[in-house]
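The structure appears below as structure tokens.
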Amino acid sequence: MGWGEANSYWLRTFDHGDSNDALESRAAVSTKVEHELQFPLSGPDDYICFTYPFKKRQETCDEEFALVFEQVKELSDKIQLAVEVPRITHRQVYRNNPPHTTPEEYYRHVVFIPILDSVISDLKSRFSRDTLNSFRLTVLLPSNIVNCTDDLQQSSVKEISSMYGQLLGLTVPSTRATLILAEVHVWRSRWLRVKREGGIFPSSVEETAKECDRHLYPYVSSLLDIFISLPVSVASAERSFSTLRKLKTWLRAQMRQTKLSGLALLNVHHDIDISIDRIRNPVSEKTNYSQHMNSKLRKHTIYPRK
């Protein structure tokens with residue numbers, strides 16, 4: 001292994017090890033948040049504080065990275081490779097060289113700290129205060145409102161009225177929360193009666209909106225419409241880029257758009273069961289129809305005499 005290959009190897013090793021170590025903690029946080037966001041929020045501050053563990057690791061990055069660096073040195077001893085700083089230029093044009101005196105200090109500034117900064121920034125942008133306040137609309141769902149406390153209901157309605165009061169036509173800020181809260185009380189009483197009678201709650205926001213009478217609950221109905229229209233972030237668009245990288249190779253450069261789109265959808269949504277007969281029958285029927293039309297055309301074609 002040459003000197004350049006060795007340094008490239010260590011950059012990948014540090015990047016992979018540090019990112020796994022940091023992103024495993026992020027995965028635990030994200031799983032908890034995804035589960036909790038399905039229910040009424042106790043307050044945005046409870047989710048903003050999820051960045052605290054990462055900020056704590058950022059403050060103690062010297063001790064945190066020292067443990068990672070020890071593991072890397074043990075691995076380097078096994079393969080008989082020295083941990084060195086990659087070659088750097090003496091004069092940088094766009095940015096300064098990272099300050100360092102040892103390889104540990106160099107990789108801490110180049111790999112470990114940027115990863116923590118990226119995770120913290122991503123969590124802040126994803127779980128901003130406006131985003132978390134919009135999830136307070138979940139308090140209107142029947143399965144949540146029957147188990148909601150009065151304090152949580154009042155605080156949620158207050159945040160909802162401040163965010164969406166103007167969209168509901170409530171121009172006076174002092175009366176927004178009062179009017180919406182009065183209607184939410186009636187809405188809650190209805191589903192408490194359904195619960196006592198052993199009725200079934202709607203399982204989605206769309207079904208809840210259908211069960212909501214626009215004349216009896218105009219504000220609740222409008223808020224449910226807003227809840228349905230909130231954009232949902234999915235990774236399907238990002239998966240399509242990696243899928244196209246696999247499908248549109250140099251050997252498949254002449255693939256047409258229809259076939260490429262079909263293969264990409266099959267790859268992205270691989271968890272959907274597809275019946276082979278549903279695909280085979282239309283294709284065979286289309287083929288038989290084409291053969292039938294061609295035979296009829298050949299029969300009615302008048303060839304000129306020689």
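Chain labels A, B, ... are given in the sequence in which chains occur in the structure tokens; within each chain residues are numbered consecutively from 1, and ligands are likewise numbered from 1 in the order shown.
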Spatial neighbours of segment 177-191 of chain A, 10 Å, only C-alpha atoms, chain gap at least 4 places, as number ranges by chain: A: 139-148, 150, 153-162, 165, 168, 170, 172-173, 195-197, 199-201, 212, 216-220, 223
How would the residues just picked look written out with C-alpha atoms as a PDB file, in the first residue's frame?
ATOM      1  CA  VAL A 139     -54.754  16.939  19.225  1.00  0.00           C
ATOM      2  CA  LEU A 140     -57.841  17.164  16.983  1.00  0.00           C
ATOM      3  CA  LEU A 141     -57.732  13.471  16.128  1.00  0.00           C
ATOM      4  CA  PRO A 142     -60.429  11.566  18.054  1.00  0.00           C
ATOM      5  CA  SER A 143     -58.040   8.949  19.424  1.00  0.00           C
ATOM      6  CA  ASN A 144     -55.885  11.733  20.880  1.00  0.00           C
ATOM      7  CA  ILE A 145     -58.461  14.245  22.033  1.00  0.00           C
ATOM      8  CA  VAL A 146     -60.286  11.771  24.303  1.00  0.00           C
ATOM      9  CA  ASN A 147     -57.029  11.117  26.191  1.00  0.00           C
ATOM     10  CA  CYS A 148     -55.838  14.720  26.162  1.00  0.00           C
ATOM     11  CA  ASP A 150     -57.222  20.088  29.763  1.00  0.00           C
ATOM     12  CA  GLN A 153     -55.564  20.898  25.067  1.00  0.00           C
ATOM     13  CA  GLN A 154     -55.528  24.549  26.058  1.00  0.00           C
ATOM     14  CA  SER A 155     -51.826  25.026  25.262  1.00  0.00           C
ATOM     15  CA  SER A 156     -52.193  23.240  21.927  1.00  0.00           C
ATOM     16  CA  VAL A 157     -55.191  25.337  20.907  1.00  0.00           C
ATOM     17  CA  LYS A 158     -53.298  28.482  21.879  1.00  0.00           C
ATOM     18  CA  GLU A 159     -50.401  27.605  19.579  1.00  0.00           C
ATOM     19  CA  ILE A 160     -52.783  26.539  16.797  1.00  0.00           C
ATOM     20  CA  SER A 161     -54.719  29.796  16.991  1.00  0.00           C
ATOM     21  CA  SER A 162     -51.561  31.891  16.813  1.00  0.00           C
ATOM     22  CA  GLY A 165     -55.927  32.022  13.167  1.00  0.00           C
ATOM     23  CA  LEU A 168     -59.561  30.713   9.666  1.00  0.00           C
ATOM     24  CA  LEU A 170     -60.170  35.288  12.856  1.00  0.00           C
ATOM     25  CA  VAL A 172     -58.814  39.652  16.309  1.00  0.00           C
ATOM     26  CA  PRO A 173     -55.867  37.961  18.071  1.00  0.00           C
ATOM     27  CA  LYS A 195     -66.082   6.173  23.321  1.00  0.00           C
ATOM     28  CA  ARG A 196     -68.676   5.532  26.040  1.00  0.00           C
ATOM     29  CA  GLU A 197     -70.999   3.926  23.500  1.00  0.00           C
ATOM     30  CA  GLY A 199     -67.973   3.311  18.805  1.00  0.00           C
ATOM     31  CA  ILE A 200     -65.022   3.178  16.410  1.00  0.00           C
ATOM     32  CA  PHE A 201     -62.700   6.143  15.943  1.00  0.00           C
ATOM     33  CA  CYS A 212     -66.473  16.403  10.805  1.00  0.00           C
ATOM     34  CA  LEU A 216     -71.259  22.372  13.388  1.00  0.00           C
ATOM     35  CA  TYR A 217     -67.438  22.519  13.562  1.00  0.00           C
ATOM     36  CA  PRO A 218     -66.246  25.105  11.015  1.00  0.00           C
ATOM     37  CA  TYR A 219     -62.929  25.846  12.720  1.00  0.00           C
ATOM     38  CA  VAL A 220     -62.104  22.205  13.437  1.00  0.00           C
ATOM     39  CA  LEU A 223     -57.881  22.949  10.782  1.00  0.00           C
TER      40      LEU A 223
END
Members of segment 161-283 of chain A assigned alpha helix (DSSP H) by DSSP, as a ChimeraX atom specification: /A:161-164,173-196,205-211,218-229,236-247,257-268,276-283
Long-range neighbours of Leu260 of chain A as a PyMOL selection string, 10 Å cut-off, only C-alpha atoms, 6 positions minimum in chain: chain A and resi 244+247-248+252+266
Top pick for closest residue to Ser134 of chain A, considering A:Thr102, A:Ser229, A:Asn267, A:Gln166 and counting only C-alpha atoms: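 Closest to Ser134 of chain A, using only C-alpha atoms: A:Ser229.
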Å distance separating atom CA of Phe69 of chain A from atom CA of Glu104 of chain A, one decimal place: 6.6 Å
Residue nearest Ala209 of chain A among A:Ile228, A:Val111, A:Leu192, A:His100 (counting only C-alpha atoms):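 Answer, going by the shortest atom-to-atom distance: A:Ile228.
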Within 7 Å of segment 129-133 of chain A using only C-alpha atoms, minus same-chain residues under 2 positions, as a PyMOL selection string: chain A and resi 44+127+135-136+159
